[in-house]
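Q: Supplied structure: start38.cif, mmCIF, C-alpha atoms; chains and numbers go by the auth columns.
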data_protein
#
loop_
_atom_site.group_PDB
_atom_site.id
_atom_site.type_symbol
_atom_site.label_atom_id
_atom_site.label_comp_id
_atom_site.label_asym_id
_atom_site.label_seq_id
_atom_site.Cartn_x
_atom_site.Cartn_y
_atom_site.Cartn_z
_atom_site.B_iso_or_equiv
_atom_site.auth_seq_id
_atom_site.auth_asym_id
ATOM 1 C CA MET A 1 0.000 0.000 0.000 0.00 1 A
ATOM 2 C CA THR A 2 1.403 3.375 -0.983 0.00 2 A
ATOM 3 C CA ASP A 3 0.734 6.632 0.770 0.00 3 A
ATOM 4 C CA THR A 4 -0.960 9.443 -1.119 0.00 4 A
ATOM 5 C CA PRO A 5 1.093 12.682 -0.961 0.00 5 A
ATOM 6 C CA ALA A 6 -0.553 15.220 1.311 0.00 6 A
ATOM 7 C CA ASN A 7 -0.650 17.887 -1.418 0.00 7 A
ATOM 8 C CA THR A 8 -2.309 15.660 -4.013 0.00 8 A
ATOM 9 C CA ILE A 9 -6.063 15.475 -4.427 0.00 9 A
ATOM 10 C CA THR A 10 -7.380 12.127 -5.625 0.00 10 A
ATOM 11 C CA PRO A 11 -9.958 12.880 -8.317 0.00 11 A
ATOM 12 C CA PRO A 12 -13.432 11.402 -8.000 0.00 12 A
ATOM 13 C CA PRO A 13 -14.879 9.215 -10.750 0.00 13 A
ATOM 14 C CA GLN A 14 -15.512 11.038 -14.015 0.00 14 A
ATOM 15 C CA GLY A 15 -19.244 10.586 -13.693 0.00 15 A
ATOM 16 C CA PHE A 16 -19.282 12.675 -10.510 0.00 16 A
ATOM 17 C CA TRP A 17 -18.863 15.855 -12.516 0.00 17 A
ATOM 18 C CA ALA A 18 -21.975 15.219 -14.549 0.00 18 A
ATOM 19 C CA ASP A 19 -23.979 15.345 -11.319 0.00 19 A
ATOM 20 C CA ALA A 20 -22.146 18.257 -9.650 0.00 20 A
ATOM 21 C CA PRO A 21 -20.829 20.556 -12.408 0.00 21 A
ATOM 22 C CA THR A 22 -19.734 23.387 -10.100 0.00 22 A
ATOM 23 C CA ILE A 23 -16.502 24.209 -8.285 0.00 23 A
ATOM 24 C CA GLY A 24 -16.075 26.861 -5.651 0.00 24 A
ATOM 25 C CA GLN A 25 -18.972 26.462 -3.259 0.00 25 A
ATOM 26 C CA GLY A 26 -17.851 26.656 0.368 0.00 26 A
ATOM 27 C CA GLY A 27 -14.311 27.933 -0.211 0.00 27 A
ATOM 28 C CA THR A 28 -12.300 30.909 -1.391 0.00 28 A
ATOM 29 C CA PRO A 29 -11.812 31.696 -5.105 0.00 29 A
ATOM 30 C CA GLU A 30 -8.143 30.740 -4.749 0.00 30 A
ATOM 31 C CA GLN A 31 -9.065 27.344 -3.289 0.00 31 A
ATOM 32 C CA ALA A 32 -11.587 26.791 -6.058 0.00 32 A
ATOM 33 C CA ARG A 33 -9.039 27.581 -8.768 0.00 33 A
ATOM 34 C CA ALA A 34 -6.436 25.352 -7.099 0.00 34 A
ATOM 35 C CA PHE A 35 -8.956 22.497 -6.954 0.00 35 A
ATOM 36 C CA ALA A 36 -9.887 23.001 -10.601 0.00 36 A
ATOM 37 C CA ASP A 37 -6.212 23.008 -11.607 0.00 37 A
ATOM 38 C CA GLU A 38 -5.715 19.716 -9.744 0.00 38 A
ATOM 39 C CA MET A 39 -8.662 18.169 -11.557 0.00 39 A
ATOM 40 C CA VAL A 40 -7.137 19.174 -14.879 0.00 40 A
ATOM 41 C CA ARG A 41 -3.680 17.940 -13.860 0.00 41 A
ATOM 42 C CA THR A 42 -4.968 14.508 -12.859 0.00 42 A
ATOM 43 C CA GLY A 43 -7.137 14.158 -15.971 0.00 43 A
ATOM 44 C CA ALA A 44 -10.472 14.224 -14.152 0.00 44 A
ATOM 45 C CA MET A 45 -11.569 17.263 -16.158 0.00 45 A
ATOM 46 C CA THR A 46 -10.586 19.150 -19.256 0.00 46 A
ATOM 47 C CA ARG A 47 -9.443 22.759 -18.883 0.00 47 A
ATOM 48 C CA GLU A 48 -12.619 23.910 -20.597 0.00 48 A
ATOM 49 C CA GLY A 49 -14.795 21.781 -18.318 0.00 49 A
ATOM 50 C CA ALA A 50 -13.025 23.007 -15.180 0.00 50 A
ATOM 51 C CA ASP A 51 -13.388 26.634 -16.225 0.00 51 A
ATOM 52 C CA ALA A 52 -17.087 26.126 -16.937 0.00 52 A
ATOM 53 C CA ALA A 53 -17.517 24.488 -13.519 0.00 53 A
ATOM 54 C CA LEU A 54 -15.764 27.393 -11.824 0.00 54 A
ATOM 55 C CA LYS A 55 -18.072 29.894 -13.513 0.00 55 A
ATOM 56 C CA ALA A 56 -21.102 27.828 -12.567 0.00 56 A
ATOM 57 C CA GLY A 57 -19.922 27.996 -8.956 0.00 57 A
ATOM 58 C CA GLY A 58 -19.539 31.773 -9.079 0.00 58 A
ATOM 59 C CA THR A 59 -15.751 31.926 -9.521 0.00 59 A
ATOM 60 C CA GLU A 60 -14.015 33.407 -12.534 0.00 60 A
ATOM 61 C CA PRO A 61 -11.176 31.220 -13.867 0.00 61 A
ATOM 62 C CA ALA A 62 -7.658 32.606 -13.689 0.00 62 A
ATOM 63 C CA PRO A 63 -6.608 34.444 -16.863 0.00 63 A
ATOM 64 C CA ALA A 64 -4.971 32.143 -19.387 0.00 64 A
ATOM 65 C CA ASP A 65 -1.176 32.136 -19.257 0.00 65 A
ATOM 66 C CA THR A 66 -0.310 33.342 -22.747 0.00 66 A
ATOM 67 C CA ARG A 67 3.415 33.725 -22.104 0.00 67 A
ATOM 68 C CA SER A 68 5.813 32.031 -24.471 0.00 68 A
ATOM 69 C CA GLU A 69 8.111 29.344 -23.081 0.00 69 A
ATOM 70 C CA GLN A 70 10.971 31.823 -23.450 0.00 70 A
ATOM 71 C CA ALA A 71 9.063 34.388 -21.391 0.00 71 A
ATOM 72 C CA LYS A 72 8.237 31.824 -18.702 0.00 72 A
ATOM 73 C CA THR A 73 11.904 30.867 -18.406 0.00 73 A
ATOM 74 C CA PHE A 74 12.872 34.551 -18.199 0.00 74 A
ATOM 75 C CA ASP A 75 10.303 35.193 -15.465 0.00 75 A
ATOM 76 C CA VAL A 76 11.602 32.277 -13.416 0.00 76 A
ATOM 77 C CA THR A 77 15.155 33.632 -13.706 0.00 77 A
ATOM 78 C CA PHE A 78 14.120 37.154 -12.747 0.00 78 A
ATOM 79 C CA ALA A 79 11.546 36.652 -10.023 0.00 79 A
ATOM 80 C CA PRO A 80 8.681 39.157 -9.759 0.00 80 A
ATOM 81 C CA PRO A 81 9.566 42.214 -7.679 0.00 81 A
ATOM 82 C CA PRO A 82 8.417 42.219 -4.068 0.00 82 A
ATOM 83 C CA ALA A 83 5.828 44.561 -2.644 0.00 83 A
ATOM 84 C CA PRO A 84 7.314 47.919 -1.554 0.00 84 A
ATOM 85 C CA GLU A 85 7.788 46.609 1.976 0.00 85 A
ATOM 86 C CA GLY A 86 9.941 43.805 0.559 0.00 86 A
ATOM 87 C CA TYR A 87 12.788 46.236 -0.201 0.00 87 A
ATOM 88 C CA HIS A 88 15.019 46.492 2.853 0.00 88 A
ATOM 89 C CA LEU A 89 17.199 49.613 2.776 0.00 89 A
ATOM 90 C CA ASP A 90 20.079 50.133 5.184 0.00 90 A
ATOM 91 C CA TYR A 91 20.403 53.812 6.103 0.00 91 A
ATOM 92 C CA MET A 92 23.248 53.358 8.599 0.00 92 A
ATOM 93 C CA ASN A 93 25.973 55.942 7.907 0.00 93 A
ATOM 94 C CA ARG A 94 24.275 56.879 4.632 0.00 94 A
ATOM 95 C CA LEU A 95 22.335 59.917 5.851 0.00 95 A
ATOM 96 C CA PRO A 96 23.534 63.218 7.323 0.00 96 A
ATOM 97 C CA PRO A 97 23.586 63.158 11.137 0.00 97 A
ATOM 98 C CA GLY A 98 20.349 64.416 12.636 0.00 98 A
ATOM 99 C CA THR A 99 18.183 63.692 9.584 0.00 99 A
ATOM 100 C CA ASP A 100 14.555 63.951 10.668 0.00 100 A
ATOM 101 C CA THR A 101 12.841 60.589 10.954 0.00 101 A
ATOM 102 C CA ASN A 102 9.817 61.869 9.035 0.00 102 A
ATOM 103 C CA THR A 103 12.106 62.802 6.163 0.00 103 A
ATOM 104 C CA VAL A 104 13.624 59.317 6.196 0.00 104 A
ATOM 105 C CA ALA A 105 10.166 57.733 6.271 0.00 105 A
ATOM 106 C CA GLN A 106 8.976 59.809 3.308 0.00 106 A
ATOM 107 C CA PHE A 107 12.111 58.962 1.355 0.00 107 A
ATOM 108 C CA HIS A 108 11.726 55.270 2.162 0.00 108 A
ATOM 109 C CA VAL A 109 8.138 55.180 0.929 0.00 109 A
ATOM 110 C CA ALA A 110 9.063 57.010 -2.282 0.00 110 A
ATOM 111 C CA ALA A 111 12.120 54.846 -2.992 0.00 111 A
ATOM 112 C CA THR A 112 10.569 51.455 -2.277 0.00 112 A
ATOM 113 C CA SER A 113 7.322 52.287 -4.103 0.00 113 A
ATOM 114 C CA TRP A 114 9.308 53.351 -7.151 0.00 114 A
ATOM 115 C CA LEU A 115 11.494 50.228 -7.077 0.00 115 A
ATOM 116 C CA HIS A 116 8.371 48.086 -6.961 0.00 116 A
ATOM 117 C CA GLU A 117 6.686 49.942 -9.801 0.00 117 A
ATOM 118 C CA ILE A 118 9.684 49.643 -12.129 0.00 118 A
ATOM 119 C CA GLN A 119 9.933 45.934 -11.201 0.00 119 A
ATOM 120 C CA MET A 120 13.519 46.028 -9.987 0.00 120 A
ATOM 121 C CA PRO A 121 14.710 42.902 -8.134 0.00 121 A
ATOM 122 C CA ALA A 122 14.893 43.378 -4.363 0.00 122 A
ATOM 123 C CA ASN A 123 18.638 42.959 -3.838 0.00 123 A
ATOM 124 C CA ILE A 124 19.637 45.034 -6.864 0.00 124 A
ATOM 125 C CA GLY A 125 17.160 47.780 -6.060 0.00 125 A
ATOM 126 C CA ALA A 126 18.225 48.110 -2.436 0.00 126 A
ATOM 127 C CA ALA A 127 21.916 48.155 -3.348 0.00 127 A
ATOM 128 C CA MET A 128 21.329 50.816 -6.006 0.00 128 A
ATOM 129 C CA VAL A 129 19.436 53.133 -3.641 0.00 129 A
ATOM 130 C CA GLU A 130 22.065 52.689 -0.930 0.00 130 A
ATOM 131 C CA ARG A 131 24.823 53.481 -3.424 0.00 131 A
ATOM 132 C CA ALA A 132 22.944 56.606 -4.521 0.00 132 A
ATOM 133 C CA LEU A 133 22.687 57.739 -0.900 0.00 133 A
ATOM 134 C CA GLU A 134 26.408 57.151 -0.324 0.00 134 A
ATOM 135 C CA THR A 135 27.314 59.035 -3.485 0.00 135 A
ATOM 136 C CA GLY A 136 25.018 61.904 -2.576 0.00 136 A
ATOM 137 C CA ARG A 137 26.792 62.311 0.749 0.00 137 A
ATOM 138 C CA ARG A 138 30.246 62.183 -0.850 0.00 138 A
ATOM 139 C CA LEU A 139 29.245 64.909 -3.291 0.00 139 A
ATOM 140 C CA GLU A 140 28.013 67.303 -0.612 0.00 140 A
ATOM 141 C CA GLY A 141 29.892 70.557 -1.089 0.00 141 A
ATOM 142 C CA VAL A 142 31.604 69.342 -4.284 0.00 142 A
ATOM 143 C CA SER A 143 31.121 71.659 -7.238 0.00 143 A
ATOM 144 C CA GLY A 144 32.880 73.292 -10.141 0.00 144 A
ATOM 145 C CA PRO A 145 36.036 71.623 -11.530 0.00 145 A
ATOM 146 C CA ALA A 146 36.079 68.918 -8.835 0.00 146 A
ATOM 147 C CA LEU A 147 32.538 67.805 -9.706 0.00 147 A
ATOM 148 C CA ALA A 148 33.285 67.894 -13.429 0.00 148 A
ATOM 149 C CA LEU A 149 36.384 65.748 -12.884 0.00 149 A
ATOM 150 C CA TRP A 150 34.403 63.245 -10.821 0.00 150 A
ATOM 151 C CA LYS A 151 31.733 62.957 -13.525 0.00 151 A
ATOM 152 C CA GLN A 152 34.424 62.369 -16.142 0.00 152 A
ATOM 153 C CA GLU A 153 35.991 59.633 -14.014 0.00 153 A
ATOM 154 C CA GLN A 154 32.596 57.949 -13.590 0.00 154 A
ATOM 155 C CA ALA A 155 31.945 58.108 -17.337 0.00 155 A
ATOM 156 C CA VAL A 156 35.287 56.429 -18.034 0.00 156 A
ATOM 157 C CA ALA A 157 34.536 53.712 -15.460 0.00 157 A
ATOM 158 C CA PHE A 158 31.087 53.140 -16.981 0.00 158 A
ATOM 159 C CA ASP A 159 32.503 52.831 -20.494 0.00 159 A
ATOM 160 C CA ARG A 160 35.125 50.384 -19.269 0.00 160 A
ATOM 161 C CA ILE A 161 32.455 48.138 -17.750 0.00 161 A
ATOM 162 C CA ALA A 162 30.309 48.362 -20.891 0.00 162 A
ATOM 163 C CA LYS A 163 33.377 47.340 -22.975 0.00 163 A
ATOM 164 C CA THR A 164 32.312 49.010 -26.252 0.00 164 A
ATOM 165 C CA PRO A 165 31.123 52.554 -27.060 0.00 165 A
ATOM 166 C CA GLU A 166 28.008 51.134 -28.709 0.00 166 A
ATOM 167 C CA ARG A 167 26.979 49.139 -25.663 0.00 167 A
ATOM 168 C CA ALA A 168 27.766 52.046 -23.360 0.00 168 A
ATOM 169 C CA ALA A 169 25.468 54.286 -25.401 0.00 169 A
ATOM 170 C CA GLN A 170 22.703 51.675 -25.397 0.00 170 A
ATOM 171 C CA LEU A 171 22.929 51.157 -21.640 0.00 171 A
ATOM 172 C CA ARG A 172 22.784 54.898 -21.047 0.00 172 A
ATOM 173 C CA ALA A 173 19.648 55.011 -23.182 0.00 173 A
ATOM 174 C CA TYR A 174 18.111 52.151 -21.197 0.00 174 A
ATOM 175 C CA ALA A 175 18.922 53.957 -17.944 0.00 175 A
ATOM 176 C CA ALA A 176 17.226 57.101 -19.240 0.00 176 A
ATOM 177 C CA ASP A 177 14.167 55.027 -20.173 0.00 177 A
ATOM 178 C CA VAL A 178 13.917 53.644 -16.648 0.00 178 A
ATOM 179 C CA LEU A 179 14.180 57.097 -15.076 0.00 179 A
ATOM 180 C CA ALA A 180 11.523 58.390 -17.467 0.00 180 A
ATOM 181 C CA MET A 181 9.032 55.609 -16.733 0.00 181 A
ATOM 182 C CA ALA A 182 5.644 56.889 -15.648 0.00 182 A
ATOM 183 C CA THR A 183 4.911 55.637 -12.144 0.00 183 A
ATOM 184 C CA LYS A 184 2.595 56.491 -9.277 0.00 184 A
ATOM 185 C CA SER A 185 5.682 57.293 -7.176 0.00 185 A
ATOM 186 C CA PRO A 186 7.910 59.582 -9.281 0.00 186 A
ATOM 187 C CA GLU A 187 9.460 61.418 -6.316 0.00 187 A
ATOM 188 C CA PHE A 188 12.515 59.170 -6.127 0.00 188 A
ATOM 189 C CA SER A 189 13.331 59.221 -9.848 0.00 189 A
ATOM 190 C CA THR A 190 12.796 62.990 -9.939 0.00 190 A
ATOM 191 C CA GLY A 191 15.201 63.415 -7.038 0.00 191 A
ATOM 192 C CA LEU A 192 17.743 61.092 -8.626 0.00 192 A
ATOM 193 C CA LEU A 193 17.618 63.034 -11.888 0.00 193 A
ATOM 194 C CA LYS A 194 18.465 66.202 -9.957 0.00 194 A
ATOM 195 C CA SER A 195 21.206 64.495 -7.978 0.00 195 A
ATOM 196 C CA GLY A 196 24.815 63.953 -8.919 0.00 196 A
ATOM 197 C CA ALA A 197 24.333 60.332 -7.849 0.00 197 A
ATOM 198 C CA ARG A 198 22.815 59.531 -11.229 0.00 198 A
ATOM 199 C CA PHE A 199 26.264 59.996 -12.764 0.00 199 A
ATOM 200 C CA ASP A 200 27.766 57.367 -10.474 0.00 200 A
ATOM 201 C CA ALA A 201 28.970 54.507 -12.683 0.00 201 A
ATOM 202 C CA THR A 202 27.451 51.802 -10.466 0.00 202 A
ATOM 203 C CA VAL A 203 24.066 53.513 -10.151 0.00 203 A
ATOM 204 C CA LEU A 204 23.933 54.208 -13.873 0.00 204 A
ATOM 205 C CA MET A 205 24.954 50.645 -14.759 0.00 205 A
ATOM 206 C CA ASN A 206 22.267 49.171 -12.517 0.00 206 A
ATOM 207 C CA LEU A 207 19.661 51.381 -14.163 0.00 207 A
ATOM 208 C CA GLY A 208 20.934 50.514 -17.638 0.00 208 A
ATOM 209 C CA LEU A 209 20.993 46.764 -17.057 0.00 209 A
ATOM 210 C CA HIS A 210 17.516 46.873 -15.579 0.00 210 A
ATOM 211 C CA GLY A 211 16.265 48.810 -18.574 0.00 211 A
ATOM 212 C CA GLU A 212 17.840 46.186 -20.800 0.00 212 A
ATOM 213 C CA ARG A 213 16.028 43.406 -18.904 0.00 213 A
ATOM 214 C CA LEU A 214 12.708 45.230 -19.202 0.00 214 A
ATOM 215 C CA ALA A 215 13.217 45.686 -22.945 0.00 215 A
ATOM 216 C CA ALA A 216 14.104 42.004 -23.376 0.00 216 A
ATOM 217 C CA ARG A 217 10.988 40.951 -21.454 0.00 217 A
ATOM 218 C CA ARG A 218 8.746 43.247 -23.521 0.00 218 A
ATOM 219 C CA ALA A 219 10.151 41.720 -26.711 0.00 219 A
ATOM 220 C CA MET A 220 8.938 38.285 -25.559 0.00 220 A
ATOM 221 C CA SER A 221 5.329 39.385 -25.106 0.00 221 A
#
If you took the structure in this file and wrote it as structure tokens, what would it be?
A:
Amino acid sequence: MTDTPANTITPPPQGFWADAPTIGQGGTPEQARAFADEMVRTGAMTREGADAALKAGGTEPAPADTRSEQAKTFDVTFAPPPAPEGYHLDYMNRLPPGTDTNTVAQFHVAATSWLHEIQMPANIGAAMVERALETGRRLEGVSGPALALWKQEQAVAFDRIAKTPERAAQLRAYAADVLAMATKSPEFSTGLLKSGARFDATVLMNLGLHGERLAARRAMS
């Protein structure tokens, strides 16, 4: 005698569904959809029959997954971004002493909401924001020739990482696209555009590579 895995539902006889053609009574919509999916997986119902049973029980079927296999593989590699609260930013030694806690809270909401909206992975997004904060502090009081020299050094470092002038130009364009994206939380991107931190080679490269990923994903749709 073999044990039935706890997460597997043994389907009833096929004839059962002719007598009870509904799914979803007495549970949540998510439970109903999960049950319907299991019926399809085990062969007890066709996808069309399961969807019809869900509707008869008052539950709308989940939208069809129309992604290509290439897109599915891409989405597994680059997991969906977390909710804003899933971005954990470390402000230790990255803010001027005495920064008001309300100011920090407002910045945090703006930054994490923006990262979520542009779909940036959690670890990359947090590291990029922290780098921008560090750079902003280093540039305090820097202006004129010193700032111009720093920007030139960052441009050279960026080009070196990109390896070719053509790729460097494309990545810069991708970065600009990301910063120009329309979001419900534009405060962070607006602040970054006004800040010298956007010229930092690491910040710019992270933006460019993310823009490249977004463009690649759109091309698969």
Q: Go ahead and find all residues with at least one atom no further than 12 Å from (23.2, 53.1, -19.9) in the file's coordinates, using all atoms listed in the file; report them as a VMD selection string.
A: chain A and resid 155 158 to 159 161 to 162 164 to 179 198 to 212
Q: I'd like the interatomic distance between atom CA of Glu48 of chain A and atom CA of Arg218 of chain A, to a tenth of an Å.
A: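 Separation between atom CA of Glu48 of chain A and atom CA of Arg218 of chain A: 29.0 Å.
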Q: Rounded to one decimal in Å, what is the spacing between atom CA of Met120 of chain A and atom CA of Ala180 of chain A?
A: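 Spanning atom CA of Met120 of chain A to atom CA of Ala180 of chain A is a straight-line distance of 14.6 Å.
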Q: So, with all atoms listed in the file as the atoms that count, which of A:Gly141, A:Ala52, A:Thr59, A:Ser185 lies closest to Glu117 of chain A?
A: A:Ser185
Q: Report the distance between atom CA of His116 of chain A and atom CA of Asn93 of chain A in Å, rounded to one decimal place.
A: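 Here the two named atoms are 24.3 Å from each other.
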Q: For segment 96-113 of chain A, find every residue with an atom within 12 Å (counting all atoms listed in the file), except residues of its own chain fewer than 3 positions away, and show them as a PyMOL selection string.
A: chain A and resi 81-93+116-123+125-130+132-134+136-138+140+183-192
